[in-house]
Amino acid sequence: MVSSHGLSASIRSAQESETFDLAGLSVDAISSAIESAFAEPLPLLVDALSPSSAKVDTVRLTFVVGAGKQARQRYDDGLAKAVTCALERCGYVEDRSGGRGTYKMQHDTGKNLKTVVVCPFVANDAKSGSGGNGDDDDNDEDGTQQTTEGLIPKNSPGYKIAISSVSVFQGLLSSQCPSWSEKRECLESLTALNDLLTECDSKLIKGVPLDRAEQSFYDAVVDLDDKAAYVKQEVHRMVDSGQVTKYERDMMLEQNAERIASLKREGKSTTKAEERREMLEGIEPKPPHKLRHEQQSSNFTRSWHRLYGWRMQPVVDSYP
């Protein structure tokens with residue numbers, strides 16, 4: 001059974017508009033996850049949003065609940081109803097005009113996907129963790145103050161990677177790490193998370209109890225090996241299909257050259273490494289992926305130049 005905890009935590013840790021693909025998830029898991037995620041206003045941090053979307057009203061959470069004939073079997077027929085009913089139990093209403101606390105059904109004809117778009121209730125938790133009711137900080141028996149925050153910040157990408165189910169993680173990888181370089185960085189994060197998990201396992205094997213932060217991490221993290229295997233598969237697929245930029249191709253060629261030099265020093269065969277070099281050299285690089293907020297940045301740049309560009313004009317010395 002797919003755990004609903006990972007999806008619920010990923011939704012609540014969202015800091016901007018995101019898409020969650022619900023393919024392969026059961027109706028019961030979805031109902032539980034949606035109700036758990038939206039039972040309370042989402043803790044969106046306004047400061048974490050880009051300047052162009054500083055108003056949290058612009059945040060939209062999109063849930064893919066169906067697809068066309070080719071992918072229809074991946075989605076339960078009751079997903080859309082499960083999502084909308086769970087939202088309504090949390091106080092959300094259907095309203096195509098949008099606004100906080102509303103949802104709407106959409107059919108993306110371009111991608112042939114059926115979605116539920118949610119405009120969430122939002123609570124600014126910028127002051128959370130400082131003072132308050134004292135729940136965030138407690139004292140151990142020895143009087144040492146210890147935080148319940150965990151080993152990694154809850155709103156960080158690493159936290160989402162650690163606690164999300166495999167299916168949710170795959171959707172996040174596609175939307176948040178579209179390039180080869182970003183997928184490699186994600187793989188490095190998974191390796192670091194696995195190291196943390198191994199340290200926790202080692203302590204438990206020795207009979208050493210985990211502290212509160214370690215226990216919180218140990219209970220939440222799921223399927224790191226499966227996620228790492230999927231990322232490796234995607235990394236190899238992008239290289240094999242030539243979906244890399246010039247910078248990425250040059251980086252791989254440099255690594256390949258170092259590998260060939262190392263094999264030669266060790267007196268080993270370089271045949272496979274040289275074949276890989278030929279394959280990499282034959283790749284026609286792709287243009288870099290567009291920045292997520294590239295259009296907003298371009299609009300800002302043009303506005304800035306209209307307002308202040310005159311100040312950048314060179315000063316002509318009028319003295320003889």
# chains A, B, ... in the order shown; residues from 1 in each chain; ligands from 1
>>> residues_around(residues="Leu253 in chain A", least_positions_apart="2", cutoff="12 Å", atoms="only C-alpha atoms", output="ChimeraX atom specification")
/A:239,246-251,255-260,273-283
>>> write_last_selection(atoms="C-alpha atoms", output="PDB file, in the first residue's frame")
ATOM      1  CA  VAL A 239      22.437  10.958 -21.758  1.00  0.00           C
ATOM      2  CA  LYS A 246      26.849  21.839 -23.920  1.00  0.00           C
ATOM      3  CA  TYR A 247      28.047  22.522 -20.377  1.00  0.00           C
ATOM      4  CA  GLU A 248      26.794  19.122 -19.209  1.00  0.00           C
ATOM      5  CA  ARG A 249      28.296  17.309 -22.189  1.00  0.00           C
ATOM      6  CA  ASP A 250      31.660  19.019 -21.660  1.00  0.00           C
ATOM      7  CA  MET A 251      31.531  18.087 -17.971  1.00  0.00           C
ATOM      8  CA  GLN A 255      35.178  13.176 -16.367  1.00  0.00           C
ATOM      9  CA  ASN A 256      35.614  10.613 -19.124  1.00  0.00           C
ATOM     10  CA  ALA A 257      39.107  11.915 -19.913  1.00  0.00           C
ATOM     11  CA  GLU A 258      40.066  11.586 -16.255  1.00  0.00           C
ATOM     12  CA  ARG A 259      38.675   8.052 -16.236  1.00  0.00           C
ATOM     13  CA  ILE A 260      40.678   7.046 -19.308  1.00  0.00           C
ATOM     14  CA  ALA A 273      35.616   4.443 -21.725  1.00  0.00           C
ATOM     15  CA  GLU A 274      36.710   5.372 -25.240  1.00  0.00           C
ATOM     16  CA  GLU A 275      33.397   4.129 -26.650  1.00  0.00           C
ATOM     17  CA  ARG A 276      31.614   6.372 -24.174  1.00  0.00           C
ATOM     18  CA  ARG A 277      33.785   9.298 -25.253  1.00  0.00           C
ATOM     19  CA  GLU A 278      32.763   8.769 -28.859  1.00  0.00           C
ATOM     20  CA  MET A 279      29.117   8.604 -27.833  1.00  0.00           C
ATOM     21  CA  LEU A 280      29.396  11.847 -25.839  1.00  0.00           C
ATOM     22  CA  GLU A 281      31.215  13.625 -28.655  1.00  0.00           C
ATOM     23  CA  GLY A 282      28.381  12.663 -31.000  1.00  0.00           C
ATOM     24  CA  ILE A 283      25.725  14.346 -28.851  1.00  0.00           C
TER      25      ILE A 283
END
>>> atom_distance(atom1="CA of Gly6 in chain A", atom2="CA of Ile163 in chain A")
5.0 Å
>>> select_by_dssp(residues="range 57-269 of chain A", states="strand (DSSP E)", output="PDB file with C-alpha atoms, in the first residue's frame")
ATOM      1  CA  LEU A  61      -1.477  23.240  -6.294  1.00  0.00           C
ATOM      2  CA  THR A  62      -2.412  21.033  -9.240  1.00  0.00           C
ATOM      3  CA  PHE A  63      -3.307  17.346  -8.836  1.00  0.00           C
ATOM      4  CA  VAL A  64      -3.290  15.135 -11.938  1.00  0.00           C
ATOM      5  CA  VAL A  65      -6.225  12.742 -11.502  1.00  0.00           C
ATOM      6  CA  GLY A  66      -6.684  11.327 -15.000  1.00  0.00           C
ATOM      7  CA  ALA A  67      -5.294  11.086 -18.505  1.00  0.00           C
ATOM      8  CA  VAL A  93     -15.593  24.908  -2.283  1.00  0.00           C
ATOM      9  CA  GLU A  94     -15.678  24.592  -6.048  1.00  0.00           C
ATOM     10  CA  THR A 102     -11.388  26.982  -3.642  1.00  0.00           C
ATOM     11  CA  TYR A 103     -10.765  24.268  -6.211  1.00  0.00           C
ATOM     12  CA  LYS A 104     -11.725  23.673  -9.824  1.00  0.00           C
ATOM     13  CA  MET A 105     -11.655  20.774 -12.254  1.00  0.00           C
ATOM     14  CA  GLN A 106      -9.685  21.286 -15.462  1.00  0.00           C
ATOM     15  CA  HIS A 107      -8.956  19.314 -18.620  1.00  0.00           C
ATOM     16  CA  ASP A 108      -5.557  20.132 -20.088  1.00  0.00           C
ATOM     17  CA  LEU A 113      -4.659  15.372 -18.553  1.00  0.00           C
ATOM     18  CA  LYS A 114      -7.493  15.805 -16.071  1.00  0.00           C
ATOM     19  CA  THR A 115      -6.552  17.894 -13.065  1.00  0.00           C
ATOM     20  CA  VAL A 116      -7.901  19.410  -9.867  1.00  0.00           C
ATOM     21  CA  VAL A 117      -6.427  22.871  -9.219  1.00  0.00           C
ATOM     22  CA  VAL A 118      -6.474  24.057  -5.604  1.00  0.00           C
ATOM     23  CA  CYS A 119      -6.060  27.604  -4.283  1.00  0.00           C
ATOM     24  CA  ASP A 137      11.608  23.355  22.128  1.00  0.00           C
ATOM     25  CA  ASP A 138      11.722  20.960  25.083  1.00  0.00           C
ATOM     26  CA  ASN A 139      14.250  19.973  27.684  1.00  0.00           C
ATOM     27  CA  GLN A 145      17.448  21.967  25.280  1.00  0.00           C
ATOM     28  CA  GLN A 146      16.613  20.039  22.123  1.00  0.00           C
ATOM     29  CA  THR A 147      14.626  21.064  19.077  1.00  0.00           C
TER      30      THR A 147
END
>>> closest_residue(among="A:Ser179, A:Ser167, A:Gln15, A:Ser202", to="Met238 in chain A", atoms="only C-alpha atoms")
A:Ser179
>>> closest_residue(among="A:Val83, A:Cys186, A:Leu25, A:Val122", to="Lys232 in chain A", atoms="only C-alpha atoms")
A:Cys186
